[in-house]
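Student: File data08.txt follows (compact mmCIF, C-alpha atoms and all ligand atoms):
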```txt
# COMPACT_ATOMS: atom_id res chain seq x y z
CA MET A 1122 177.39 219.38 75.76
CA SER A 1123 177.67 216.68 73.10
CA GLN A 1124 174.78 216.25 70.69
CA PRO A 1125 173.89 212.79 69.39
CA SER A 1126 173.98 212.09 65.67
CA PRO A 1127 170.45 212.27 64.14
CA ALA A 1128 170.38 208.45 63.94
CA LEU A 1129 171.30 208.02 67.63
CA ALA A 1130 168.90 210.82 68.68
CA ALA A 1131 166.06 209.02 66.87
CA LEU A 1132 167.01 205.69 68.46
CA LEU A 1133 167.17 207.15 71.96
CA ALA A 1134 163.74 208.76 71.53
CA GLN A 1135 162.02 205.44 70.75
CA HIS A 1136 159.54 203.81 73.17
CA GLU A 1137 159.91 200.35 71.66
CA PHE A 1138 163.25 198.73 70.84
CA SER A 1139 164.07 195.79 68.58
CA ASP A 1140 166.79 193.29 69.51
CA ALA A 1141 169.06 195.00 66.97
CA ASP A 1142 168.38 198.42 68.56
CA ILE A 1143 169.35 197.08 71.99
CA VAL A 1144 172.56 195.53 70.67
CA THR A 1145 173.42 198.83 68.92
CA LEU A 1146 172.97 200.77 72.16
CA LEU A 1147 174.96 198.27 74.22
CA GLY A 1148 177.74 198.41 71.64
CA LEU A 1149 178.18 202.20 71.66
CA SER A 1150 181.86 202.94 72.16
CA ALA A 1151 182.51 206.63 71.40
CA ALA A 1152 182.59 208.69 74.62
CA ASP A 1153 180.12 211.26 73.19
CA ASP A 1154 177.65 208.56 72.19
CA ILE A 1155 177.83 206.93 75.63
CA GLU A 1156 177.27 210.32 77.24
CA CYS A 1157 174.13 210.78 75.08
CA LEU A 1158 172.89 207.35 76.16
CA ARG A 1159 173.59 208.21 79.80
CA ARG A 1160 171.70 211.50 79.55
CA ALA A 1161 168.70 209.88 77.87
CA ALA A 1162 168.53 207.21 80.59
CA PHE A 1163 168.98 209.71 83.43
CA ASP A 1164 166.23 211.97 82.04
CA LEU A 1165 163.87 209.05 81.53
CA THR A 1166 164.54 207.92 85.11
CA THR A 1167 163.45 211.36 86.33
CA ARG A 1168 160.23 211.16 84.30
CA ALA A 1169 159.40 207.49 84.93
CA VAL A 1170 160.38 206.95 88.59
CA GLY A 1171 161.26 210.41 89.92
CA GLU A 1172 164.35 212.10 91.33
CA THR A 1173 164.62 209.97 94.44
CA VAL A 1174 167.17 207.25 95.15
CA HIS A 1175 165.93 204.63 97.62
CA TYR A 1176 168.08 202.94 100.23
CA ARG A 1177 167.81 199.26 101.06
CA GLY A 1178 169.94 198.43 104.10
CA LEU A 1179 171.62 195.14 103.20
CA VAL A 1180 171.96 192.49 105.90
CA GLU A 1181 174.04 189.51 104.77
CA ILE A 1182 172.55 187.00 107.20
CA SER A 1183 174.68 183.96 106.42
CA ASN A 1184 177.37 182.76 104.01
CA VAL A 1185 176.38 179.12 104.46
CA CYS A 1186 175.31 177.77 101.08
CA VAL A 1187 174.20 174.36 99.82
CA LEU A 1188 174.95 175.27 96.19
CA ASP A 1189 178.13 175.30 94.18
CA CYS A 1190 177.68 178.07 91.57
CA HIS A 1191 181.07 178.19 89.83
CA TYR A 1192 181.35 181.99 89.93
CA CYS A 1193 180.55 182.56 93.58
CA GLY A 1194 183.03 183.15 96.41
CA ILE A 1195 180.73 181.59 99.06
CA ARG A 1196 179.87 178.45 97.08
CA LYS A 1197 179.69 175.27 99.17
CA GLY A 1198 182.94 173.87 97.75
CA ASN A 1199 185.10 176.86 98.73
CA ARG A 1200 186.77 175.41 101.82
CA ALA A 1201 188.72 178.63 102.50
CA VAL A 1202 185.57 180.47 103.61
CA GLU A 1203 184.94 180.89 107.32
CA ARG A 1204 181.20 180.25 107.61
CA TYR A 1205 178.85 182.31 109.79
CA THR A 1206 175.15 182.78 110.43
CA LEU A 1207 173.94 185.85 112.30
CA SER A 1208 171.71 185.29 115.30
CA ARG A 1209 168.05 186.28 115.20
CA GLU A 1210 168.90 189.27 117.45
CA GLN A 1211 171.76 190.43 115.19
CA VAL A 1212 169.47 190.37 112.12
CA ILE A 1213 166.66 192.21 113.88
CA ASP A 1214 169.08 194.72 115.43
CA ALA A 1215 170.58 195.55 112.01
CA ALA A 1216 167.13 196.03 110.46
CA LEU A 1217 165.89 198.19 113.32
CA TRP A 1218 169.02 200.32 112.96
CA ALA A 1219 168.01 200.82 109.29
CA ALA A 1220 164.52 201.89 110.35
CA ARG A 1221 165.90 204.41 112.85
CA ALA A 1222 168.37 205.71 110.24
CA GLY A 1223 165.43 206.46 107.90
CA TYR A 1224 166.30 203.86 105.26
CA GLY A 1225 162.66 202.80 104.78
CA SER A 1226 163.52 199.26 103.76
CA CYS A 1227 166.06 196.49 104.08
CA VAL A 1228 167.27 193.47 102.12
CA LEU A 1229 167.89 190.17 103.90
CA GLN A 1230 170.35 188.15 101.82
CA ALA A 1231 172.16 184.85 102.37
CA GLY A 1232 173.61 181.82 100.70
CA GLU A 1233 171.05 179.19 99.92
CA ARG A 1234 169.54 176.98 102.62
CA ARG A 1235 166.24 175.14 102.44
CA ASP A 1236 166.05 173.45 105.86
CA GLU A 1237 163.20 174.15 108.24
CA GLY A 1238 165.52 175.80 110.81
CA PHE A 1239 166.54 178.45 108.27
CA ILE A 1240 163.05 178.90 106.83
CA SER A 1241 161.56 179.55 110.27
CA LEU A 1242 164.47 181.82 111.29
CA ILE A 1243 163.67 184.04 108.29
CA GLU A 1244 159.94 183.87 108.97
CA ASP A 1245 160.50 184.92 112.56
CA CYS A 1246 162.94 187.74 111.70
CA VAL A 1247 160.63 189.15 109.01
CA HIS A 1248 157.65 189.12 111.36
CA GLU A 1249 159.59 190.76 114.21
CA ILE A 1250 161.16 193.41 111.98
CA ARG A 1251 157.79 194.43 110.52
CA GLN A 1252 156.22 194.68 113.97
CA ARG A 1253 159.05 196.38 115.83
CA SER A 1254 160.02 198.89 113.14
CA GLN A 1255 156.62 200.60 113.07
CA SER A 1256 156.81 204.28 114.03
CA ALA A 1257 155.22 207.62 113.19
CA SER A 1258 157.55 207.94 110.18
CA LEU A 1259 157.12 204.28 109.13
CA PRO A 1260 153.55 203.35 110.12
CA GLN A 1261 153.73 200.01 108.25
CA GLY A 1262 157.23 199.25 109.48
CA LEU A 1263 160.28 198.63 107.36
CA GLY A 1264 159.80 197.35 103.81
CA ILE A 1265 161.52 193.96 103.48
CA THR A 1266 163.14 192.51 100.36
CA LEU A 1267 164.41 188.94 100.53
CA SER A 1268 167.30 187.56 98.46
CA LEU A 1269 167.55 183.97 99.62
CA GLY A 1270 167.67 181.98 96.42
CA GLU A 1271 165.45 179.28 94.98
CA GLN A 1272 162.90 177.99 97.48
CA SER A 1273 159.67 176.01 97.28
CA ALA A 1274 156.40 177.79 96.50
CA GLU A 1275 155.29 176.98 100.06
CA THR A 1276 158.37 178.68 101.57
CA PHE A 1277 157.77 181.75 99.42
CA ARG A 1278 154.15 181.88 100.70
CA ARG A 1279 155.30 181.61 104.33
CA TRP A 1280 157.81 184.43 103.97
CA ARG A 1281 155.27 186.61 102.15
CA ALA A 1282 152.70 185.96 104.90
CA ALA A 1283 155.30 186.92 107.53
CA GLY A 1284 155.53 190.38 105.93
CA ALA A 1285 158.26 190.46 103.26
CA HIS A 1286 156.96 192.00 100.03
CA ARG A 1287 159.83 192.07 97.50
CA TYR A 1288 162.15 189.24 96.40
CA LEU A 1289 165.31 189.39 94.34
CA LEU A 1290 166.36 186.23 92.52
CA ARG A 1291 168.79 186.75 89.67
CA ILE A 1292 168.48 184.57 86.61
CA GLU A 1293 172.25 185.26 86.23
CA THR A 1294 171.98 184.86 82.43
CA SER A 1295 168.94 184.08 80.27
CA ASN A 1296 171.11 182.09 77.83
CA PRO A 1297 170.46 178.41 78.78
CA GLU A 1298 173.87 177.24 77.51
CA LEU A 1299 175.76 179.92 79.39
CA PHE A 1300 173.66 179.22 82.51
CA ALA A 1301 174.63 175.54 82.23
CA ARG A 1302 178.33 176.43 81.92
CA ILE A 1303 178.42 178.49 85.13
CA HIS A 1304 176.34 176.14 87.31
CA PRO A 1305 176.59 172.47 88.30
CA PRO A 1306 174.29 170.18 86.24
CA ALA A 1307 171.71 169.87 89.03
CA GLN A 1308 170.94 173.60 88.82
CA ARG A 1309 168.58 174.25 85.95
CA ILE A 1310 167.51 177.50 84.37
CA GLU A 1311 163.92 176.21 84.07
CA THR A 1312 163.77 175.77 87.87
CA ARG A 1313 164.90 179.32 88.39
CA TRP A 1314 162.32 180.72 85.96
CA GLN A 1315 159.71 178.63 87.78
CA ALA A 1316 160.83 180.08 91.12
CA LEU A 1317 160.36 183.59 89.70
CA ALA A 1318 156.81 182.64 88.63
CA ASP A 1319 156.14 181.12 92.08
CA LEU A 1320 157.28 184.36 93.71
CA ARG A 1321 154.77 186.30 91.64
CA ASP A 1322 152.02 183.82 92.59
CA ALA A 1323 152.96 184.20 96.26
CA GLY A 1324 152.31 187.94 95.96
CA PHE A 1325 155.88 189.29 95.90
CA GLN A 1326 157.13 192.15 93.80
CA VAL A 1327 159.68 190.29 91.73
CA GLY A 1328 163.26 191.31 91.01
CA THR A 1329 165.85 189.61 88.88
CA GLY A 1330 169.08 190.42 87.09
CA VAL A 1331 172.21 189.07 85.48
CA MET A 1332 175.96 189.18 85.80
CA ILE A 1333 177.57 191.30 83.10
CA GLY A 1334 180.85 190.32 81.42
CA LEU A 1335 180.67 186.57 82.03
CA PRO A 1336 183.26 184.67 80.00
CA GLY A 1337 181.65 183.83 76.65
CA GLN A 1338 178.71 186.25 77.08
CA THR A 1339 177.88 188.42 74.04
CA LEU A 1340 175.93 191.65 73.52
CA VAL A 1341 173.22 189.52 71.92
CA ASP A 1342 172.98 187.56 75.21
CA LEU A 1343 172.67 190.79 77.21
CA ALA A 1344 170.00 192.11 74.81
CA ALA A 1345 168.10 188.83 75.30
CA ASP A 1346 168.40 189.32 79.08
CA ILE A 1347 166.72 192.72 78.86
CA ARG A 1348 164.00 191.25 76.63
CA ALA A 1349 163.47 188.44 79.15
CA PHE A 1350 163.03 190.99 81.98
CA ALA A 1351 160.37 192.76 79.92
CA ARG A 1352 158.58 189.57 78.89
CA ARG A 1353 158.31 188.40 82.51
CA ASP A 1354 157.05 191.76 83.68
CA ILE A 1355 159.85 192.16 86.24
CA ASP A 1356 159.38 194.96 88.83
CA MET A 1357 162.99 195.52 89.84
CA ILE A 1358 166.45 194.79 88.52
CA GLY A 1359 169.66 194.06 90.42
CA MET A 1360 172.58 193.40 88.09
CA GLY A 1361 176.27 194.08 88.11
CA PRO A 1362 179.64 193.13 86.67
CA TYR A 1363 180.92 189.59 87.02
CA LEU A 1364 184.12 189.76 89.08
CA PRO A 1365 186.49 186.88 89.75
CA ALA A 1366 185.83 185.29 93.13
CA PRO A 1367 188.40 184.29 95.76
CA GLY A 1368 189.47 180.70 95.04
CA ASN A 1369 187.58 181.03 91.76
CA ALA A 1370 186.21 177.87 90.18
CA MET A 1371 185.55 179.71 86.90
CA PRO A 1372 188.21 181.02 84.53
CA ALA A 1373 188.62 184.78 84.48
CA ALA A 1374 190.20 184.47 81.02
CA GLY A 1375 188.09 186.12 78.37
CA THR A 1376 186.65 188.67 80.77
CA LEU A 1377 186.92 192.35 79.89
CA SER A 1378 189.40 194.88 81.22
CA SER A 1379 188.00 196.64 84.27
CA ASP A 1380 187.36 199.87 82.30
CA ASP A 1381 185.48 198.02 79.57
CA LEU A 1382 183.56 196.00 82.15
CA LEU A 1383 182.51 199.14 84.02
CA GLN A 1384 181.43 200.79 80.80
CA LEU A 1385 179.41 197.74 79.72
CA ALA A 1386 177.73 197.46 83.13
CA LEU A 1387 176.75 201.15 83.02
CA LYS A 1388 175.42 200.85 79.45
CA MET A 1389 173.41 197.81 80.55
CA ILE A 1390 171.77 199.89 83.31
CA ALA A 1391 171.01 202.70 80.87
CA VAL A 1392 169.55 200.46 78.16
CA THR A 1393 167.50 198.48 80.70
CA ARG A 1394 166.06 201.80 81.89
CA LEU A 1395 165.17 202.82 78.32
CA VAL A 1396 163.44 199.51 77.59
CA LEU A 1397 161.74 198.79 80.95
CA ARG A 1398 161.13 202.45 81.91
CA ASP A 1399 159.30 202.42 85.28
CA VAL A 1400 161.05 199.61 87.19
CA ASN A 1401 163.50 199.99 90.08
CA ILE A 1402 167.13 199.42 89.12
CA ALA A 1403 169.87 198.99 91.72
CA ALA A 1404 173.37 200.43 91.46
CA THR A 1405 175.03 197.36 92.96
CA THR A 1406 178.07 197.15 95.22
CA ALA A 1407 179.98 195.24 92.52
CA LEU A 1408 180.13 198.51 90.51
CA GLN A 1409 181.92 200.10 93.44
CA ALA A 1410 184.42 197.23 93.46
CA LEU A 1411 185.49 198.40 89.98
CA VAL A 1412 185.78 202.10 90.79
CA ALA A 1413 185.26 204.06 94.02
CA ASP A 1414 182.32 206.08 92.66
CA GLY A 1415 180.81 203.10 90.78
CA ARG A 1416 177.43 203.28 92.51
CA GLU A 1417 177.05 207.01 91.85
CA ARG A 1418 177.93 206.42 88.21
CA GLY A 1419 175.21 203.75 88.19
CA VAL A 1420 172.73 206.37 89.46
CA THR A 1421 173.72 208.79 86.68
CA PHE A 1422 173.10 205.99 84.13
CA GLY A 1423 169.54 205.32 85.35
CA ALA A 1424 169.69 203.37 88.63
CA ASN A 1425 167.44 204.54 91.49
CA VAL A 1426 168.24 202.11 94.34
CA VAL A 1427 171.40 201.59 96.43
CA MET A 1428 172.05 198.99 99.11
CA PRO A 1429 174.37 200.17 101.88
CA SER A 1430 175.74 197.32 103.98
CA LEU A 1431 174.41 196.77 107.50
CA THR A 1432 176.21 193.47 107.96
CA PRO A 1433 178.17 193.50 111.24
CA ARG A 1434 181.78 194.43 110.47
CA GLU A 1435 183.24 191.35 112.13
CA VAL A 1436 181.67 189.02 109.53
CA ARG A 1437 181.52 191.30 106.46
CA LYS A 1438 184.85 190.02 105.13
CA ASN A 1439 183.42 186.48 105.13
CA TYR A 1440 180.65 187.41 102.67
CA GLN A 1441 182.98 187.94 99.72
CA LEU A 1442 181.20 186.91 96.55
CA TYR A 1443 184.08 188.36 94.51
CA GLU A 1444 187.49 189.92 95.04
CA GLY A 1445 187.69 193.60 95.98
CA LYS A 1446 184.41 193.95 97.93
CA PRO A 1447 184.39 197.62 99.04
CA CYS A 1448 183.63 199.15 102.48
CA LEU A 1449 184.73 196.10 104.46
CA ASP A 1450 185.62 198.22 107.47
CA GLU A 1451 183.15 201.05 107.25
CA ALA A 1452 180.81 201.53 110.23
CA ARG A 1453 177.13 201.78 109.30
CA ASP A 1454 176.85 205.41 110.57
CA ASP A 1455 179.83 206.45 108.41
CA CYS A 1456 178.31 204.62 105.46
CA ARG A 1457 174.97 206.42 105.88
CA SER A 1458 176.48 209.90 105.76
CA CYS A 1459 179.13 209.06 103.13
CA LEU A 1460 176.52 207.64 100.78
CA ALA A 1461 174.03 210.49 101.27
CA GLY A 1462 176.78 212.92 100.15
CA ARG A 1463 177.63 210.71 97.20
CA ILE A 1464 173.98 210.50 96.08
CA GLY A 1465 173.66 214.29 96.41
CA SER A 1466 176.62 214.63 94.02
CA THR A 1467 174.58 212.94 91.26
CA GLY A 1468 171.78 215.50 91.40
CA ARG A 1469 169.41 213.04 93.09
CA GLN A 1470 168.03 213.03 96.61
CA VAL A 1471 167.62 210.19 99.09
CA GLY A 1472 164.06 208.94 99.73
CA TRP A 1473 164.14 208.72 103.51
CA ASN A 1474 161.47 206.72 105.36
CA ASP A 1475 159.94 205.39 102.19
CA TRP A 1476 159.54 201.81 100.90
CA GLY A 1477 160.34 203.07 97.42
CA ASP A 1478 158.31 200.51 95.45
CA SER A 1479 158.65 200.90 91.69
CA PRO A 1480 155.77 202.52 89.81
CA HIS A 1481 155.82 199.33 87.74
CA SER A 1482 154.87 197.27 90.79
CA ARG A 1483 151.55 199.15 91.02
CA HIS A 1484 150.54 197.25 87.89
CA PHE A 1485 151.35 194.19 89.96
CA ALA A 1486 148.79 195.29 92.56
CA ARG A 1487 146.28 195.61 89.72
CA ARG A 1488 147.32 192.20 88.36
CA SER A 1489 146.61 190.53 91.70
CA ASP A 1490 143.23 192.28 92.05
CA ALA A 1491 142.15 190.91 88.68
N1 LIG B 1501 171.68 182.77 97.47
C1 LIG B 1501 170.97 183.87 96.93
C2 LIG B 1501 170.84 183.77 95.44
O1 LIG B 1501 171.58 182.97 94.82
O2 LIG B 1501 170.00 184.49 94.86
C3 LIG B 1501 171.54 185.24 97.29
C4 LIG B 1501 173.03 185.29 97.47
S1 LIG B 1501 173.92 185.22 95.94
C5 LIG B 1501 175.56 185.17 96.55
C6 LIG B 1501 173.67 186.88 95.34
C7 LIG B 1501 174.20 187.19 93.96
O3 LIG B 1501 175.61 187.36 94.01
C8 LIG B 1501 174.02 186.18 92.89
O4 LIG B 1501 172.73 186.26 92.34
C9 LIG B 1501 175.12 186.54 91.88
O5 LIG B 1501 174.62 187.24 90.76
C10 LIG B 1501 176.05 187.44 92.68
N2 LIG B 1501 177.44 186.96 92.56
C11 LIG B 1501 177.94 185.82 93.05
N3 LIG B 1501 179.25 185.71 92.68
C12 LIG B 1501 179.54 186.79 91.93
C13 LIG B 1501 180.72 187.23 91.26
N4 LIG B 1501 181.83 186.50 91.27
N5 LIG B 1501 180.67 188.41 90.61
C14 LIG B 1501 179.55 189.15 90.61
N6 LIG B 1501 178.40 188.78 91.22
C15 LIG B 1501 178.40 187.61 91.88
```
Any chance you could give the structure as structure tokens?

Tutor:
Amino acid sequence: MSQPSPALAALLAQHEFSDADIVTLLGLSAADDIECLRRAAFDLTTRAVGETVHYRGLVEISNVCVLDCHYCGIRKGNRAVERYTLSREQVIDAALWAARAGYGSCVLQAGERRDEGFISLIEDCVHEIRQRSQSASLPQGLGITLSLGEQSAETFRRWRAAGAHRYLLRIETSNPELFARIHPPAQRIETRWQALADLRDAGFQVGTGVMIGLPGQTLVDLAADIRAFARRDIDMIGMGPYLPAPGNAMPAAGTLSSDDLLQLALKMIAVTRLVLRDVNIAATTALQALVADGRERGVTFGANVVMPSLTPREVRKNYQLYEGKPCLDEARDDCRSCLAGRIGSTGRQVGWNDWGDSPHSRHFARRSDA
């Protein structure tokens, strides 16, 4: 087994990291050094959040979107996309399948809509799922994470009151200039930070994240992203490689080779683990688009959450945020057993019938009691 140099060993043992330390770790390029980083992150994961990997069954409710983010395959302006919205029954059915399969929690994700019809559909689905998924193994019902974009503080309160308790809203990049380059002018980074604060006020556990390998993004930007997660006391992280989207409105030129992109995304997971310690970190599907065992590699670099798809197969191909989305044809039962084997291969176990909140979010409970 490779041993780190004394300088790297000392760096990896730190509890506090300067910006320069984070950039150094993200810039490691020798295979032995990256392996030392991976091992440090994996071991810290065991100590800080345990040996369990939590499942969040992912239901992609709708690809209808009112926004035009340049990087995204389902942006409003992409006329090639066949639009769909699942029915209330399809959403509830998928979530109840997750509960019966022992997943413990689900994620409801969609393109952005802010009309009352959509807001009340979500409210209704969340309420029904929480009620109907209660059982001896899940007395409080399924845990529900929402990933439905920027909404008003009032909408966040309604969805929290209906029974959702975690919300994932990526900042995409904390660099305001880069944010402006990848979004239309009406979308502002300040509004997104405000939405993250509103989520906290509404009582959600708050998740965010960034895309890694955006054209023009530097290691200093990524280090600043990790710092921003820490400063805002984020409970969970969902981040992954930027991949060109079908009918892409953003140039792919300047992006990394797929090997370098994978390596950078894995280092980003590991360094985020070292700096944030007790948060949940997802091994996202985009990693698997780069390499078949991408999610498992994410777990060995410090991730502790995976999100198997529960989206009905007939519409899954229409929720293509980027090219090469994996498992388009896999049935949910096959996915459950395939993934459990894959997680086992990393030395971790699956946390069945468990919400899997991050230890960090318990501080959140204390924060709201104060
Ligand atoms: N509308 C919600 C929102 O914006 O938070 C949820 C859906 S949105 C499609 C989910 C995430 O997909 C975004 O936060 C973005 O990071 C990611 N995404 C979109 N296009 C991508 C691409 N080309 N490569 C990698 N990730 C992408």

Student: Which one of A:Asn1474, A:Ser1256, A:Gln1409, A:Thr1145 sits closest to ligand LIG 1501 (chain B) if you count all atoms listed in the file?

Tutor: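 So, comparing all the options, the nearest one is A:Gln1409.
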
Student: Which residues are near stretch 1331-1346 of chain A? Cut-off 8 Å, all atoms listed in the file, ignore same chain within fewer than 6 positions. Put them as a VMD selection string.

Tutor: chain A and resid 1140 1143 to 1144 1147 to 1148 1291 to 1296 1299 1359 to 1363 1372 to 1377 1382 1385 to 1386 1389

Student: Restrict the selected residues to C-alpha atoms and save them as an mmCIF file, in the coordinates of the input.

Tutor:
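The result, written out as part-v5.cif:
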```cif
data_model
loop_
_atom_site.group_PDB
_atom_site.id
_atom_site.type_symbol
_atom_site.label_atom_id
_atom_site.label_comp_id
_atom_site.auth_asym_id
_atom_site.auth_seq_id
_atom_site.Cartn_x
_atom_site.Cartn_y
_atom_site.Cartn_z
ATOM 1 C CA ASP A 1140 166.790 193.290 69.510
ATOM 2 C CA ILE A 1143 169.350 197.080 71.990
ATOM 3 C CA VAL A 1144 172.560 195.530 70.670
ATOM 4 C CA LEU A 1147 174.960 198.270 74.220
ATOM 5 C CA GLY A 1148 177.740 198.410 71.640
ATOM 6 C CA ARG A 1291 168.790 186.750 89.670
ATOM 7 C CA ILE A 1292 168.480 184.570 86.610
ATOM 8 C CA GLU A 1293 172.250 185.260 86.230
ATOM 9 C CA THR A 1294 171.980 184.860 82.430
ATOM 10 C CA SER A 1295 168.940 184.080 80.270
ATOM 11 C CA ASN A 1296 171.110 182.090 77.830
ATOM 12 C CA LEU A 1299 175.760 179.920 79.390
ATOM 13 C CA GLY A 1359 169.660 194.060 90.420
ATOM 14 C CA MET A 1360 172.580 193.400 88.090
ATOM 15 C CA GLY A 1361 176.270 194.080 88.110
ATOM 16 C CA PRO A 1362 179.640 193.130 86.670
ATOM 17 C CA TYR A 1363 180.920 189.590 87.020
ATOM 18 C CA PRO A 1372 188.210 181.020 84.530
ATOM 19 C CA ALA A 1373 188.620 184.780 84.480
ATOM 20 C CA ALA A 1374 190.200 184.470 81.020
ATOM 21 C CA GLY A 1375 188.090 186.120 78.370
ATOM 22 C CA THR A 1376 186.650 188.670 80.770
ATOM 23 C CA LEU A 1377 186.920 192.350 79.890
ATOM 24 C CA LEU A 1382 183.560 196.000 82.150
ATOM 25 C CA LEU A 1385 179.410 197.740 79.720
ATOM 26 C CA ALA A 1386 177.730 197.460 83.130
ATOM 27 C CA MET A 1389 173.410 197.810 80.550
#
```

Student: Nearest to A:Val1412 among A:Asp1381, A:Glu1203, A:Glu1435, A:Asp1354, with distances taken over only C-alpha atoms: which residue is it?

Tutor: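 Closest residue, counting only C-alpha atoms: A:Asp1381.
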
Student: All residues within 6 Å of ligand LIG 1501 (chain B) are required, counting only C-alpha atoms and all ligand atoms; please report them as a VMD selection string.

Tutor: chain A and resid 1192 to 1194 1230 to 1233 1268 to 1270 1290 to 1291 1293 1332 1362 to 1366 1442 to 1443

Student: What is the distance, in Å and to one decimal place, between atom CA of A:Cys1227 and atom CA of A:Ala1413?

Tutor: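 Between atom CA of A:Cys1227 and atom CA of A:Ala1413 the gap is 23.0 Å.
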
Student: Rank A:Met1428, A:Ala1461, A:Leu1133, A:Ala1283 by their smallest atom-to-atom distance to A:Ser1241, using only C-alpha atoms, and report the top residue only.

Tutor: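 Among the listed residues, the smallest separation from A:Ser1241 belongs to A:Ala1283.
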
Student: Please check which residues have atoms at most 10 Å from (161.3, 209.1, 98.6) in the file's coordinates, counting all atoms listed in the file, and write them as a ChimeraX atom specification.

Tutor: /A:1171-1176,1224-1225,1470-1478

Student: Output C-alpha atoms for every residue in the selection just made, as a PDB file, in the frame of the given file.

Tutor:
```pdb
ATOM      1  CA  GLY A1171     161.260 210.410  89.920  1.00  0.00           C
ATOM      2  CA  GLU A1172     164.350 212.100  91.330  1.00  0.00           C
ATOM      3  CA  THR A1173     164.620 209.970  94.440  1.00  0.00           C
ATOM      4  CA  VAL A1174     167.170 207.250  95.150  1.00  0.00           C
ATOM      5  CA  HIS A1175     165.930 204.630  97.620  1.00  0.00           C
ATOM      6  CA  TYR A1176     168.080 202.940 100.230  1.00  0.00           C
ATOM      7  CA  TYR A1224     166.300 203.860 105.260  1.00  0.00           C
ATOM      8  CA  GLY A1225     162.660 202.800 104.780  1.00  0.00           C
ATOM      9  CA  GLN A1470     168.030 213.030  96.610  1.00  0.00           C
ATOM     10  CA  VAL A1471     167.620 210.190  99.090  1.00  0.00           C
ATOM     11  CA  GLY A1472     164.060 208.940  99.730  1.00  0.00           C
ATOM     12  CA  TRP A1473     164.140 208.720 103.510  1.00  0.00           C
ATOM     13  CA  ASN A1474     161.470 206.720 105.360  1.00  0.00           C
ATOM     14  CA  ASP A1475     159.940 205.390 102.190  1.00  0.00           C
ATOM     15  CA  TRP A1476     159.540 201.810 100.900  1.00  0.00           C
ATOM     16  CA  GLY A1477     160.340 203.070  97.420  1.00  0.00           C
ATOM     17  CA  ASP A1478     158.310 200.510  95.450  1.00  0.00           C
TER      18      ASP A1478
END
```
